[in-house]
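Student: Have a look at this one before I ask anything.
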Amino acid sequence: MINNGDKLRERISLLNWPLLAVVGLLAVLSLINLRSASMHSATAFHLAHAVWLGGGAVIALAMAFVHTRVFIRWSYVVYGVAIALLVAVALVGTEVNASKRWLDLGVFMVQPSELLKLAIILVTARFFHERSQDDSYHLHQLWPLFAAVGLGVFLVVNQPDLGTSLVILAIFMSMVLFEGVRWESLAALALVVVVALPVGYNVVLEDYQQDRVATFLDIESDAQGKSWQVQQSMIALGSGQMWGKGELEGTQVQKGFVPEHENDFIAANWAEERGFVGMVFLLLVYLAFIVCALNISRRADNRFGALVCVGVAAMYFWHVVVNLGMVTGVLPVVGLTLPLMSYGGSSSLVMLAGVGLLLNVSTHRRPF
Amino acid sequence: MRQLPNAGREKPTAHYEGRYMWLFVICAVAFVALGLRLWELQIIEGERYYHASTDNIIRQVEVQPPRGEILDHSGVELATNRPSFDVYIQPSIFLANADEEVYELLKRYLSLSQRQLDRLRQRVDAREGEVLVSRDVSRSDVARLQEDQMRLPGVEVRINHQRYYPLHHVGAHALGYVSEVGPEQLRELQPYGYRRGNLIGQMGLERVYEELLHGSPGLSREVVDARGNPVSEAERDFLIGEYQEVGVVPGRDLVTNLDADLMVIIDEAMQDYAAGAAVAVDPNDGSVLALYSKPHFNPNAWSGRLSAMERMRTDSDPFRPMMDKTVNGYFPGSVYKIVGTWMGLAEGHYEPHDEETCRGFHELGNQRFRCWREQGHGRVDAYSSMVQSCDVYYYELAEKVDIDTMAEYARSFGFGEHTGIELPHEQAGRVPDREWHEERSPEGYQRGFDLNTIIGQGDNLTTPLQVAMAYGAIANGGKLYYPQIVDEIRNEEGDTLFEYEPQVRKRVDIDDEHLEVLREGLRGVVHDSQGTGRGSRLSHTEVAGKTGTAQVAQIGTVRIPHEERELHRRNHAWFSAYAPYDDPEIALVVFLEHGGGGGGDAAPVAMEILDRYLTRDTPEALSIRLGEKFDGDDET
């Protein structure tokens, strides 16, 4: 912890300024974009988003100055809280669009599955950190980790929220592969998944749960809703052409053709108004973010820090890839946000908490 | 927790060196792939998409669901839908191509007034989506519009549903009508999906069951060019693929307990009277067989383009055609005497055969209260006071009890309370008690009020429906049911979604012995040689009933032409009955507003209704009769 002024000054000097600049830039872009997306809706999304971002920034900075070992020590507790909240959602959650993802806290609603992303990153990092093994792992060494992740993912699939559960698995697998698993084990794992999925679907899940998953996977049955959305989103994107239609000039989004345009489909607004150039710029900003995260990871003092950074980088990466994939019509619509750009409290807070973890690792290393 | 590894050793993260490059490469590849996809969409196909996105090219039209039907107990349609040709303007196409001349054409073809034209122009200029120009246009006008289609860009005719009431004015107050959502309603209802131009139930069942009858709208999408013509199939598939329709959910159908034939019979029986109401219920389960209020309005006119004439006519009629008189409060007159008779027996003031002497009046202090029969009734007991409707018997009783006791017995019969019928404007009526008088009467409570109250004058107000329910309770042995108009809710396939069960609202706490006195009295009204309703007895069926003639103290606030003043000073006439006496299947109330006398006017009307109802033909013959009656009467 912080003992005196010198130490604090040292910590501040170790803050990763390029990362802060990139995140600040993303925040500014998101507010400009949401302002435009709010023009024709009753809610001023950009103002609400600014509040969430402000709150997230405070959390991130606070996290930067807590000692890393606090995170190591509390990582299992965070996981426990996330699981407890997910169970609470299953019991008393609020149903929106036929899936239970939200916990109504009276003042606002939270999505515990977002917290699970952080929890999985922390738990996985601590697991490998404690073993600090240099050889690649055998599958049987990893079973506690798989069990922990499996439980969480099961609860999220059951909501049902396929997008979030897949992205959690993707983050987790990114970290495991980065840590190193024997190729034989990996092959065995793939086999287990291929066998376990149908068995688990038929044996573990109740009928109504099966229905939920089936509904979710069945694009045909939801053609009216989702594919219309994608179609309109593609028209919005494509019509932006090279330079875009200009600020507040996007007809597709402004006229309400794209549902969820402030949320998962926020990229449609950006692309329509800023064009290909704007989208490439946005991609470069996200790439810069990932490079910063990997940089911090490489200079980390311990494996926990290094792995946490890789986990956060993976979280941003998968969100960006899956979100843009679905907005451009190459991936199915699974409901993932574009980090920080999409309006949404839970998502933005978790994304900024990820930034907090990066800052923390950055400030808790010995200066060279 | 474990110690962080020492600085002296090899850096613990050295394990990961070399792997970062792989991560970076993977990220870069994925982002380049996304970039290529964006290149494809925005640069290669960009122009095509740009055209797709320009002004309103993809048009979404909300498809209104057919409104649920309202049926009578045997399936006769009381409210249904017929096709209506509605004319719309698509502002973007219209404004791009049309000039002043087009407005003139529209004005001529659709006979719009200058004011309507100006308002139309405003709404088109606002460009807030399509504008409804005219509803329910005649076939010949549609033909003219379509012939001139080339000169009317952005003007189109679509077929929508128009509400239609085959029985016209019969039962109009209970059924209600539909009309466009008003501006104030719209503000409130927008969150529930209502848009400008949508129809909504405004009265009666249409209003109460709006949520069920309404259904939910669907969407129809099409791709048109800047002149409003559909684009090629290939272009359409590229832009919206197969997502052209989102299905509508039709409204639910209501199957009611109403009997269309009975309501028509009532309409015919009441034709000589200008104003009034009739209510028929099944005393065995509270189902409402008929609701009728007069003067009526034509719900077909009110649901379509209401002419200024029709509105003026209804607004200026002193008998207030838009008021549902079945659930409005009036002085009950002598039909109220069931309360007094029961109270006298139950409070122990009289045995059934205890007598009073009627000399034609009763004196309280220096005030003289008259019996309706100036020469008096002589000696009367509980039975004969009902049969002959002697007022003095009740005046004597009123002096023995206080007004609050009287109110208690009245409320036991359901007076002064809502019956709970599913109609929006039901009045509770009024049962005056001491507290009410202290508050409302200028000189506070006075003894004399008791005497007026007990014979159904004074400040009592009861609705025809309340009277019907109370007499129903006498018929069925003391059960006061909730009146139920709707029996069943069905979906468009005819499957039953919900069925209403009869519900007892409360039991009238009356001894069998006292009930028997009431019943015999009611039978005597019709069948005793002294009975006030003896003139209209039926040869084939025993009927129990009570006449009522309520004096109208003053004319209300509505302005009444001088020549009609005399008419509005006439008494209200009531007849409340159930039949057959031994095995009641109908309780009927006929109320004639300023209609004259209970025995002379209301009883004959009620008896004609009962006669025809109890001896009528099979339902088949009835539907033919209904068809003949209202066919060819459709165009409004």
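Chain labels follow the order of the structure tokens: the first chain is A, the next B, and so on; residue numbering restarts at 1 in every chain, and ligands are counted from 1 in their shown order.
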Kindly determine which residues of chain B lie within 6 Å of chain A, considering only C-alpha atoms, and give the answer as a PDB file with N, CA and C atoms, in the first residue's frame.

Tutor:
```pdb
ATOM      1  N   PRO B  12      10.352 -13.697 -13.379  1.00  0.00           N
ATOM      2  CA  PRO B  12       9.383 -14.795 -13.493  1.00  0.00           C
ATOM      3  C   PRO B  12       8.589 -14.770 -14.797  1.00  0.00           C
ATOM      4  N   THR B  13       8.520 -13.606 -15.409  1.00  0.00           N
ATOM      5  CA  THR B  13       7.721 -13.531 -16.627  1.00  0.00           C
ATOM      6  C   THR B  13       8.535 -13.843 -17.867  1.00  0.00           C
ATOM      7  N   LEU B  41     -17.779  -3.575 -47.836  1.00  0.00           N
ATOM      8  CA  LEU B  41     -19.095  -2.956 -47.627  1.00  0.00           C
ATOM      9  C   LEU B  41     -19.105  -1.494 -48.024  1.00  0.00           C
ATOM     10  N   GLN B  42     -18.079  -0.772 -47.599  1.00  0.00           N
ATOM     11  CA  GLN B  42     -18.142   0.689 -47.700  1.00  0.00           C
ATOM     12  C   GLN B  42     -17.581   1.227 -49.012  1.00  0.00           C
ATOM     13  N   ILE B  43     -16.610   0.535 -49.577  1.00  0.00           N
ATOM     14  CA  ILE B  43     -16.012   1.055 -50.810  1.00  0.00           C
ATOM     15  C   ILE B  43     -16.559   0.316 -52.030  1.00  0.00           C
ATOM     16  N   GLY B  46     -20.350   0.261 -51.515  1.00  0.00           N
ATOM     17  CA  GLY B  46     -20.786   1.479 -50.828  1.00  0.00           C
ATOM     18  C   GLY B  46     -21.853   2.244 -51.573  1.00  0.00           C
ATOM     19  N   TYR B  49     -25.280   0.645 -51.341  1.00  0.00           N
ATOM     20  CA  TYR B  49     -25.861   0.839 -50.018  1.00  0.00           C
ATOM     21  C   TYR B  49     -26.268   2.297 -49.808  1.00  0.00           C
ATOM     22  N   TYR B  50     -25.470   3.197 -50.383  1.00  0.00           N
ATOM     23  CA  TYR B  50     -25.800   4.609 -50.217  1.00  0.00           C
ATOM     24  C   TYR B  50     -27.177   4.898 -50.812  1.00  0.00           C
ATOM     25  N   SER B  53     -29.943   3.763 -48.717  1.00  0.00           N
ATOM     26  CA  SER B  53     -30.221   4.486 -47.470  1.00  0.00           C
ATOM     27  C   SER B  53     -30.856   5.842 -47.709  1.00  0.00           C
ATOM     28  N   TYR B 243     -37.401 -10.330 -45.426  1.00  0.00           N
ATOM     29  CA  TYR B 243     -37.970  -9.768 -44.198  1.00  0.00           C
ATOM     30  C   TYR B 243     -39.003  -8.709 -44.516  1.00  0.00           C
TER      31      TYR B 243
END
```

Student: Write out as an MDAnalysis selection string each polymer residue whose atoms come within 8 Å of Asp404 (chain B), counting only C-alpha atoms; drop sequence neighbours fewer than 4 positions from it.

Tutor: chainID B and resid 408 433:434

Student: Could you write out that same residue set with C-alpha atoms as a short mmCIF file (atom, residue, chain, number, x, y, z; two decimals), in the first residue's frame?

Tutor:
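Once everything was written out, this is again35.cif:
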```cif
data_model
loop_
_atom_site.label_atom_id
_atom_site.label_comp_id
_atom_site.auth_asym_id
_atom_site.auth_seq_id
_atom_site.Cartn_x
_atom_site.Cartn_y
_atom_site.Cartn_z
CA GLU B 408 -78.98 -0.12 5.37
CA ASP B 433 -78.79 8.75 4.88
CA ARG B 434 -78.70 11.20 7.76
#
```

Student: When you draw a straight line from CA of Glu608 (chain B) to CA of Lys546 (chain B), how long is it in Å?

Tutor: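 Computed distance, CA of Glu608 (chain B) to CA of Lys546 (chain B), equals 15.4 Å.
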
Student: Rounded to one decimal in Å, what is the spacing between CA of Tyr164 (chain B) and CA of Asn81 (chain B)?

Tutor: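 For CA of Tyr164 (chain B) relative to CA of Asn81 (chain B), the distance reads 5.3 Å.
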
Student: Could you jot down the CA of Leu26 (chain A) to CA of Thr164 (chain A) separation for me, Å, one decimal place?

Tutor: 22.1 Å

Student: Do a neighbour search on Val526 (chain B) at 12 Å with only C-alpha atoms, toss out local chain neighbours closer than 5 positions, and write the hits as number ranges by chain.

Tutor: B: 386-389, 519-521, 531-539, 541-547, 575-579, 581, 598-599, 603-604, 606-607

Student: Just want the 10 Å neighbourhood of Ala260 (chain B), counted on only C-alpha atoms, with same-chain residues fewer than 4 positions away dropped. Output as a PyMOL selection string.

Tutor: chain B and resi 71-78+167+170-171+264-266+289-291+622-623+626

Student: Return as a PyMOL selection string the full set of residues in region 59-169 of chain A whose backbone-based DSSP assignment is alpha helix (DSSP H).

Tutor: chain A and resi 59-64+68-92+112-131+143-157+162-169

Student: Check the DSSP output for the backbone and give back, as a compact mmCIF listing (two decimals) with C-alpha atoms, in the first residue's frame, the residues of region 260-331 of chain B in strand (DSSP E).

Tutor:
```
# COMPACT_ATOMS: atom_id res chain seq x y z
CA GLY B 276 -85.56 5.43 -21.44
CA ALA B 277 -83.68 2.24 -20.82
CA ALA B 278 -84.24 -1.47 -20.49
CA VAL B 279 -82.13 -4.11 -18.78
CA ALA B 280 -82.63 -7.86 -18.87
CA VAL B 281 -80.56 -10.28 -16.83
CA VAL B 288 -76.77 -9.75 -18.88
CA LEU B 289 -79.21 -10.61 -21.65
CA ALA B 290 -80.00 -7.15 -22.93
CA LEU B 291 -78.97 -3.56 -22.41
CA TYR B 292 -80.87 -0.87 -24.17
CA SER B 293 -80.77 2.90 -23.88
CA LYS B 294 -82.75 5.52 -25.72
```

Student: Leaving out Leu145 (chain B) and any residue of its chain fewer than 2 positions from it, which residues lie within 10 Å of it when counting only C-alpha atoms, given as an MDAnalysis selection string?

Tutor: chainID B and resid 87 105:106 109:110 139:143 147:152 155:157

Student: Would you pick out the contacts of region 82-93 of chain A at 6 Å or less, using only C-alpha atoms, so that residues sharing its chain but fewer than 3 positions from it are not included, and give the list as a PyMOL selection string?

Tutor: chain A and resi 79+100+102-103+112+116

Student: Fewer than 4 positions away in the same chain doesn't count, so skip those; otherwise give me all residues within 9 Å of His319 (chain A), counting only C-alpha atoms, as a compact mmCIF listing (two decimals) with C-alpha atoms, in the first residue's frame.

Tutor:
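The resulting result_21.txt:
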```
# COMPACT_ATOMS: atom_id res chain seq x y z
CA VAL A 167 -16.62 -14.45 -25.09
CA ALA A 314 -8.20 -10.61 -24.91
CA MET A 315 -11.45 -9.20 -23.51
CA ASN A 323 -19.13 -6.98 -32.34
CA LEU A 324 -17.80 -5.67 -35.66
CA LEU A 336 -21.83 -8.10 -27.46
CA THR A 337 -20.89 -4.48 -26.93
CA LEU A 338 -18.22 -2.50 -28.71
CA PRO A 339 -15.93 -1.68 -25.75
```
